Amino acid sequence: MKTNSTGHQPGQVKNSHLTNNAQAAEAVEALSTVSLRCVECAALYPGIEVGASPRYRCDCGGVLDVETKFSRPRSQSQTTPSLNEYLNFETDSDQVPPAGAKLRQIFDERASIPPIWSTSADKLLLDHSGVWRYRELILPAPEQYIVSRPEGNTTLYPVGMENCGPSRVGHRQIGIYAGLERLFLKHEGENPTGSFKDRGMTVGVTMARLLGAQAVACASTGNTSASLASYAAQAGMRGIVFLPAGNVAGGKLAQTLAYGATTIQIDGDFDAAMQLVEQVCAELDIYLLNSLNPFRVEGQKAIGFEILQQLDWQPPDWLVLPAGNLGNTSAIGKAFRQAYELSLISHIPRFASIQAEGANPFYRSFKQGFARREHVQAHTVASAIKIGNPVSYTRARRVIEESDGIVEEVTDEEILAAKRVIDCAGIGCEPASAATLAGIRKLVGRGVIKRDERVVGILTGNLLKDSITGIPQGNDGTMVEATIDAVRKVLLA
Ligand code: F0G
């Protein structure tokens with residue numbers, strides 16, 4: 001076991017959750033509408049328990065899901081009805097306008113305000129965050145506790161044969177490869193630390209602050225660790241990350257160390273690191289920030305809300321994404337379910353979760369009609385989805401079943417071929433993200449996705465994550481004399 005620590009005192013680990021009475025009262029009040037529901041046995045727990053360690057699992061061992069009751073505000077003296085009133089499912093008043101229309105209006109207003117950094121109040125920065133813009137549907141945290149870079153606002157690239165404009169012939173190659181007229185790629189690698197993880201991390205670290213935590217930890221193959229390290233540094237907390245030795249891209253390790261997190265490389269794979277971090281967090285009372293933490297999933301829902309907003313609230317026919325720990329399948333599925341329940345949208349897209357053939361436990365379960373939960377020893381070049389025992393299995397299963405979705409597998413060769421197409425189009429992504437395009441191509445080829453259907457695919461991470469896998473090597477430019485003649489010879493050869 002190798003350790004490396006910067007910035008914080010070695011003993012600064014143990015959290016003392018909610019020992020400050022005033023903060024405890026504020027936290028309990030803020031989260032009074034939030035509960036945690038076991039996805040296995042449906043047991044219900046409060047969102048926050050003063051004096052107790054944070055809860056990540058049910059007593060039965062099941063994973064927990066955040067359940068928010070959108071309720072009438074406590075203060076009845078307000079003259080203007082608050083947003084919560086519009087969200088009140090239980091209202092008996094005919095006067096309350098439909099929640100969906102009102103929410104769309106509020107979210108669109110927030111998105112239309114350009115940020116003017118030097119003069120912006122914090123509230124405006126929250127409106128500019130692609131997570132906190134939707135805060136009523138994410139977490140009712142008091143604003144002074146929110147830790148935001150801000151994040152989100154990632155591009156939704158139109159890359160289909162029909163919806164890609166003539167100035168983007170390179171991007172159109174992706175649509176041709178997929179065989180789709182109307183294809184969009186949502187690039188979550190454009191988040192501040194280079195992956196979608198920032199969406200969940202802003203919410204997770206906000207919860208950590210609200211709970212009075214001083215240290216946060218995760219197991220990671222790189223992206224989660226970089227994100228945790230960045231947000232912990234911003235919040236002035238100690239970040240601790242467990243990495244499977246030899247399985248983390250160099251750039252991600254560098255990022256994590258640079259942000260000052262304590263880095264522990266363990267002699268084992270991601271699944272082993274995940275098990276260990278859960279034990280360590282329980283024993284040392286460190287706040288756990290893997291996607292086992294139900295509040296991280298709430299932040300990742302914002303990917304779904306932002307896609308809908310970018311499509312003017314017209315949901316696509318299909319949502320296609322890579323599947324490892326199944327956090328995104330769960331989160332984006334939940335976002336669409338809530339958007340539908342709140343009448344923000346009129347239908348829920350079908351989900352296609354794509355696994356690597358050598359790391360395919362979810363695919364194996366799907367093939368048996370989810371009769372059995374499968375585990376595998378994972379092997380794939382796509383390190384971010386090299387996961388054999390996905391934490392969010394039950395949550396993701398619900399999404400596939402509810403959306404009449406599908407789980408597909410693709411080989412490493414198919415992943416690398418798709419990555420080359422995305423890279424050469426000038427967009428680029430890390431290997432796991434390319435499973436999305438490989439999966440789309442396969443499903444279109446099989447006639448599952450129809451050529452004229454509207455499809456959104458998620459690219460989860462940035463090209464810079466992995467400078468080896470799928471990147472042409474040994475060809476870093478021809479060395480020539482610094483003369484025009486020498487250059488001419490190379491270019492005109
Ligand atoms: N894509 C990227 C770029 C990832 O970093 C991860 C997970 C996934 C997909 C899988 O996500 O839960 O939605 O199936 N990365 C973790 C990490 C393991 O430690 O950074 P999911």
# chains A, B, ... in the order shown; residues from 1 in each chain; ligands from 1

call {"tool": "residues_near_ligand", "arguments": {"ligand": "ligand 1", "cutoff": "7 Å", "atoms": "only C-alpha atoms and all ligand atoms", "output": "CSV table (one decimal) with all heavy atoms, in the first residue's frame"}}
result
chain,number,residue,atom,x,y,z
A,195,SER,N,-15.0,15.3,-16.3
A,195,SER,CA,-16.0,14.2,-16.4
A,195,SER,C,-17.3,14.6,-15.8
A,195,SER,O,-17.4,15.6,-15.0
A,195,SER,CB,-15.4,12.9,-15.8
A,195,SER,OG,-15.6,12.9,-14.4
A,219,ALA,N,-13.4,5.6,-3.6
A,219,ALA,CA,-12.6,4.7,-4.4
A,219,ALA,C,-12.8,5.1,-5.9
A,219,ALA,O,-13.9,5.6,-6.2
A,219,ALA,CB,-13.1,3.2,-4.3
A,220,SER,N,-11.8,5.0,-6.7
A,220,SER,CA,-11.9,5.5,-8.0
A,220,SER,C,-10.9,4.9,-9.0
A,220,SER,O,-9.8,4.5,-8.7
A,220,SER,CB,-11.7,7.0,-8.0
A,220,SER,OG,-11.7,7.6,-9.2
A,221,THR,N,-11.3,5.0,-10.3
A,221,THR,CA,-10.4,4.6,-11.4
A,221,THR,C,-9.8,5.9,-12.0
A,221,THR,O,-9.2,5.9,-13.0
A,221,THR,CB,-11.1,3.8,-12.5
A,221,THR,OG1,-12.2,4.5,-13.0
A,221,THR,CG2,-11.6,2.5,-11.9
A,222,GLY,N,-10.1,7.1,-11.4
A,222,GLY,CA,-9.5,8.3,-11.8
A,222,GLY,C,-10.4,9.5,-11.9
A,222,GLY,O,-10.1,10.6,-11.3
A,223,ASN,N,-11.5,9.4,-12.5
A,223,ASN,CA,-12.4,10.6,-12.7
A,223,ASN,C,-13.0,11.0,-11.3
A,223,ASN,O,-13.0,12.2,-11.0
A,223,ASN,CB,-13.5,10.3,-13.7
A,223,ASN,CG,-13.0,10.4,-15.1
A,223,ASN,OD1,-12.1,11.3,-15.4
A,223,ASN,ND2,-13.4,9.6,-16.0
A,224,THR,N,-13.5,10.0,-10.6
A,224,THR,CA,-14.2,10.4,-9.3
A,224,THR,C,-13.1,11.0,-8.4
A,224,THR,O,-13.4,12.0,-7.7
A,224,THR,CB,-14.8,9.2,-8.6
A,224,THR,OG1,-15.6,8.5,-9.5
A,224,THR,CG2,-15.6,9.6,-7.4
A,225,SER,N,-11.9,10.5,-8.4
A,225,SER,CA,-10.9,11.0,-7.5
A,225,SER,C,-10.5,12.4,-7.8
A,225,SER,O,-10.4,13.2,-6.9
A,225,SER,CB,-9.6,10.1,-7.5
A,225,SER,OG,-9.1,10.0,-8.8
A,322,PRO,N,-22.7,4.7,-21.5
A,322,PRO,CA,-21.8,3.6,-21.1
A,322,PRO,C,-22.3,3.2,-19.7
A,322,PRO,O,-22.8,4.0,-18.9
A,322,PRO,CB,-20.4,4.2,-21.0
A,322,PRO,CG,-20.6,5.7,-21.1
A,322,PRO,CD,-21.9,6.0,-21.5
A,323,ALA,N,-22.1,1.9,-19.4
A,323,ALA,CA,-22.6,1.4,-18.1
A,323,ALA,C,-21.5,0.6,-17.4
A,323,ALA,O,-21.0,-0.4,-17.8
A,323,ALA,CB,-23.8,0.5,-18.3
A,324,GLY,N,-21.1,1.1,-16.2
A,324,GLY,CA,-20.1,0.4,-15.4
A,324,GLY,C,-20.7,0.2,-14.0
A,324,GLY,O,-21.3,-0.8,-13.7
A,325,ASN,N,-20.6,1.2,-13.2
A,325,ASN,CA,-21.2,1.1,-11.8
A,325,ASN,C,-22.7,1.4,-11.9
A,325,ASN,O,-23.4,1.4,-10.9
A,325,ASN,CB,-20.5,2.1,-10.9
A,325,ASN,CG,-20.1,1.5,-9.6
A,325,ASN,OD1,-20.4,0.3,-9.3
A,325,ASN,ND2,-19.6,2.3,-8.7
A,326,LEU,N,-23.2,1.9,-13.0
A,326,LEU,CA,-24.6,2.1,-13.3
A,326,LEU,C,-25.2,3.3,-12.6
A,326,LEU,O,-26.4,3.5,-12.5
A,326,LEU,CB,-25.5,0.8,-12.9
A,326,LEU,CG,-25.0,-0.4,-13.7
A,326,LEU,CD1,-25.9,-1.6,-13.2
A,326,LEU,CD2,-25.2,-0.3,-15.2
A,327,GLY,N,-24.3,4.2,-12.2
A,327,GLY,CA,-24.8,5.5,-11.6
A,327,GLY,C,-25.5,6.4,-12.6
A,327,GLY,O,-26.6,6.9,-12.2
A,328,ASN,N,-25.0,6.5,-13.8
A,328,ASN,CA,-25.7,7.4,-14.7
A,328,ASN,C,-27.0,6.8,-15.2
A,328,ASN,O,-28.0,7.6,-15.4
A,328,ASN,CB,-24.8,7.7,-15.9
A,328,ASN,CG,-23.8,8.7,-15.6
A,328,ASN,OD1,-24.1,9.7,-15.0
A,328,ASN,ND2,-22.5,8.6,-16.1
A,329,THR,N,-27.0,5.5,-15.5
A,329,THR,CA,-28.3,4.9,-15.9
A,329,THR,C,-29.3,5.2,-14.8
A,329,THR,O,-30.5,5.6,-15.1
A,329,THR,CB,-28.1,3.4,-16.1
A,329,THR,OG1,-27.1,3.1,-17.0
A,329,THR,CG2,-29.4,2.7,-16.5
A,384,ALA,N,-12.7,3.0,-17.0
A,384,ALA,CA,-13.7,3.6,-16.2
A,384,ALA,C,-15.0,2.7,-16.1
A,384,ALA,O,-15.8,2.9,-15.1
A,384,ALA,CB,-14.2,4.9,-16.9
A,385,ILE,N,-15.1,1.7,-17.0
A,385,ILE,CA,-16.3,0.8,-16.8
A,385,ILE,C,-15.8,-0.6,-16.6
A,385,ILE,O,-16.5,-1.6,-16.8
A,385,ILE,CB,-17.2,0.9,-18.1
A,385,ILE,CG1,-16.5,0.7,-19.4
A,385,ILE,CG2,-18.0,2.2,-18.0
A,385,ILE,CD1,-17.4,0.6,-20.6
A,430,GLU,N,-12.7,9.9,-23.7
A,430,GLU,CA,-11.9,8.8,-23.2
A,430,GLU,C,-12.6,7.4,-23.5
A,430,GLU,O,-13.7,7.4,-24.0
A,430,GLU,CB,-11.7,9.0,-21.6
A,430,GLU,CG,-12.9,9.0,-20.8
A,430,GLU,CD,-13.5,7.7,-20.5
A,430,GLU,OE1,-12.8,6.9,-19.8
A,430,GLU,OE2,-14.6,7.4,-21.0
A,432,ALA,N,-14.1,4.7,-22.2
A,432,ALA,CA,-15.4,4.2,-21.8
A,432,ALA,C,-16.5,4.9,-22.5
A,432,ALA,O,-17.6,4.3,-22.9
A,432,ALA,CB,-15.6,4.3,-20.3
A,433,SER,N,-16.3,6.2,-22.8
A,433,SER,CA,-17.4,7.0,-23.4
A,433,SER,C,-17.7,6.5,-24.8
A,433,SER,O,-18.8,6.6,-25.3
A,433,SER,CB,-16.9,8.5,-23.5
A,433,SER,OG,-16.5,9.0,-22.3
A,460,THR,N,-19.0,10.4,-21.4
A,460,THR,CA,-18.9,10.7,-20.0
A,460,THR,C,-17.6,11.3,-19.6
A,460,THR,O,-17.5,12.0,-18.5
A,460,THR,CB,-19.0,9.3,-19.2
A,460,THR,OG1,-18.2,8.4,-19.9
A,460,THR,CG2,-20.4,8.9,-19.2
A,461,GLY,N,-16.5,11.2,-20.4
A,461,GLY,CA,-15.2,11.8,-20.0
A,461,GLY,C,-14.4,12.3,-21.1
A,461,GLY,O,-14.6,12.0,-22.3

call {"tool": "select_by_dssp", "arguments": {"residues": "stretch 359-437 of chain A", "states": "helix (DSSP H, G or I)", "output": "ChimeraX atom specification"}}
result
/A:361-367,383-385,393-402,412-424,431-437

call {"tool": "atom_distance", "arguments": {"atom1": "atom CA of A:Ile303", "atom2": "atom CA of A:Arg135"}}
result
12.8 Å

call {"tool": "closest_atom_pairs", "arguments": {"of": "stretch 365-458 of chain A", "to": "stretch 172-187 of chain A", "cutoff": "6 Å", "atoms": "only C-alpha atoms", "output": "JSON lines"}}
result
{"residue": "A:Arg441", "atom": "CA", "partner": "A:Ala178", "partner_atom": "CA", "distance": 4.4}
{"residue": "A:Arg451", "atom": "CA", "partner": "A:Leu180", "partner_atom": "CA", "distance": 4.8}
{"residue": "A:Asp452", "atom": "CA", "partner": "A:Glu181", "partner_atom": "CA", "distance": 5.6}
{"residue": "A:Arg454", "atom": "CA", "partner": "A:Arg182", "partner_atom": "CA", "distance": 5.1}
{"residue": "A:Val455", "atom": "CA", "partner": "A:Leu183", "partner_atom": "CA", "distance": 4.9}
{"residue": "A:Val456", "atom": "CA", "partner": "A:Phe184", "partner_atom": "CA", "distance": 4.7}
{"residue": "A:Gly457", "atom": "CA", "partner": "A:Leu185", "partner_atom": "CA", "distance": 4.8}
{"residue": "A:Ile458", "atom": "CA", "partner": "A:Lys186", "partner_atom": "CA", "distance": 4.9}

call {"tool": "closest_atom_pairs", "arguments": {"of": "stretch 465-487 of chain A", "to": "stretch 405-419 of chain A", "cutoff": "10 Å", "atoms": "only C-alpha atoms", "output": "CSV"}}
result
residue,atom,partner,partner_atom,distance
A:Thr469,CA,A:Leu416,CA,8.1
A:Gly470,CA,A:Leu416,CA,5.7
A:Ile471,CA,A:Lys419,CA,9.0

call {"tool": "write_last_selection", "arguments": {"atoms": "N, CA, C and O atoms", "output": "PDB file, in the first residue's frame"}}
result
ATOM      1  N   THR A 469      -4.559   4.595 -24.317  1.00  0.00           N
ATOM      2  CA  THR A 469      -5.520   3.695 -24.954  1.00  0.00           C
ATOM      3  C   THR A 469      -6.189   4.346 -26.162  1.00  0.00           C
ATOM      4  O   THR A 469      -6.833   5.378 -26.035  1.00  0.00           O
ATOM      5  N   GLY A 470      -6.006   3.709 -27.293  1.00  0.00           N
ATOM      6  CA  GLY A 470      -6.699   4.171 -28.497  1.00  0.00           C
ATOM      7  C   GLY A 470      -6.111   5.430 -29.111  1.00  0.00           C
ATOM      8  O   GLY A 470      -6.669   5.980 -30.053  1.00  0.00           O
ATOM      9  N   ILE A 471      -4.981   5.896 -28.602  1.00  0.00           N
ATOM     10  CA  ILE A 471      -4.343   7.092 -29.183  1.00  0.00           C
ATOM     11  C   ILE A 471      -3.162   6.619 -30.030  1.00  0.00           C
ATOM     12  O   ILE A 471      -2.374   5.789 -29.557  1.00  0.00           O
TER      13      ILE A 471
END

call {"tool": "residues_around", "arguments": {"residues": "A:His171", "least_positions_apart": "2", "cutoff": "9 Å", "atoms": "only C-alpha atoms", "output": "PyMOL selection string"}}
result
chain A and resi 157-160+164-165+168-169+173-175+422+424-427

call {"tool": "select_by_dssp", "arguments": {"residues": "stretch 160-270 of chain A", "states": "strand (DSSP E or B)", "output": "PyMOL selection string"}}
result
chain A and resi 182-187+195+215-219+238-244+262-266

call {"tool": "closest_residue", "arguments": {"among": "A:Ala359, A:Asp108, A:Lys69, A:Gly200", "to": "A:Asp312", "atoms": "only C-alpha atoms"}}
result
A:Asp108

call {"tool": "atom_distance", "arguments": {"atom1": "atom CA of A:Glu283", "atom2": "atom CA of A:Lys197"}}
result
25.3 Å

call {"tool": "closest_residue", "arguments": {"among": "A:Gln310, A:Thr68, A:Ser330, A:Asn247", "to": "A:Glu402", "atoms": "only C-alpha atoms"}}
result
A:Ser330

call {"tool": "atom_distance", "arguments": {"atom1": "atom CA of A:Gly304", "atom2": "atom CA of A:Glu109"}}
result
18.1 Å

call {"tool": "closest_residue", "arguments": {"among": "A:Thr262, A:Leu443, A:Glu298, A:Thr394", "to": "A:Ala371", "atoms": "only C-alpha atoms"}}
result
A:Thr394

call {"tool": "closest_residue", "arguments": {"among": "A:Tyr393, A:Glu357, A:Ala434, A:Met274", "to": "A:Glu40", "atoms": "only C-alpha atoms"}}
result
A:Tyr393

call {"tool": "residues_around", "arguments": {"residues": "stretch 28-35 of chain A", "least_positions_apart": "4", "cutoff": "7 Å", "atoms": "only C-alpha atoms", "output": "PyMOL selection string"}}
result
chain A and resi 24+44-48+66-70+140-142

call {"tool": "write_last_selection", "arguments": {"atoms": "N, CA and C atoms", "output": "short mmCIF file (atom, residue, chain, number, x, y, z; two decimals), in the first residue's frame"}}
result
data_model
loop_
_atom_site.label_atom_id
_atom_site.label_comp_id
_atom_site.auth_asym_id
_atom_site.auth_seq_id
_atom_site.Cartn_x
_atom_site.Cartn_y
_atom_site.Cartn_z
N ALA A 24 -26.96 21.89 12.96
CA ALA A 24 -27.78 20.68 12.94
C ALA A 24 -29.24 21.06 12.71
N LEU A 44 -37.81 3.10 4.96
CA LEU A 44 -37.64 4.54 4.81
C LEU A 44 -36.84 5.10 5.99
N TYR A 45 -35.87 5.98 5.69
CA TYR A 45 -35.05 6.62 6.73
C TYR A 45 -35.08 8.12 6.50
N PRO A 46 -34.84 8.91 7.57
CA PRO A 46 -34.76 10.36 7.38
C PRO A 46 -33.55 10.72 6.51
N GLY A 47 -33.62 11.85 5.81
CA GLY A 47 -32.51 12.28 4.95
C GLY A 47 -31.28 12.59 5.76
N ILE A 48 -31.47 12.96 7.02
CA ILE A 48 -30.36 13.39 7.86
C ILE A 48 -30.69 12.95 9.29
N VAL A 66 -32.72 8.73 -2.80
CA VAL A 66 -33.31 9.94 -2.22
C VAL A 66 -34.76 10.07 -2.68
N GLU A 67 -35.64 10.31 -1.73
CA GLU A 67 -37.05 10.53 -2.06
C GLU A 67 -37.42 11.92 -1.55
N THR A 68 -37.82 12.80 -2.44
CA THR A 68 -38.12 14.17 -2.02
C THR A 68 -39.62 14.41 -2.15
N LYS A 69 -40.18 14.92 -1.08
CA LYS A 69 -41.60 15.27 -1.12
C LYS A 69 -41.66 16.76 -1.43
N PHE A 70 -42.09 17.10 -2.60
CA PHE A 70 -42.17 18.51 -2.97
C PHE A 70 -43.38 19.09 -2.27
N PRO A 140 -32.62 20.45 -1.54
CA PRO A 140 -33.01 21.73 -0.93
C PRO A 140 -31.98 22.22 0.09
N ALA A 141 -30.73 22.36 -0.34
CA ALA A 141 -29.66 22.80 0.58
C ALA A 141 -29.69 24.31 0.70
N PRO A 142 -29.49 24.85 1.91
CA PRO A 142 -29.37 26.31 2.04
C PRO A 142 -28.20 26.79 1.16
#

call {"tool": "closest_residue", "arguments": {"among": "A:Leu308, A:Ala331, A:Ala302, A:Ala396", "to": "A:Phe366", "atoms": "only C-alpha atoms"}}
result
A:Ala396

call {"tool": "closest_residue", "arguments": {"among": "A:Leu257, A:Glu481, A:Phe295, A:Asn20", "to": "A:Leu36", "atoms": "only C-alpha atoms"}}
result
A:Phe295

call {"tool": "residues_around", "arguments": {"residues": "stretch 243-246 of chain A", "least_positions_apart": "3", "cutoff": "12 Å", "atoms": "only C-alpha atoms", "output": "PyMOL selection string"}}
result
chain A and resi 1-4+217-226+240+249-250+252-253+256-257+261-277+383-384+386-387
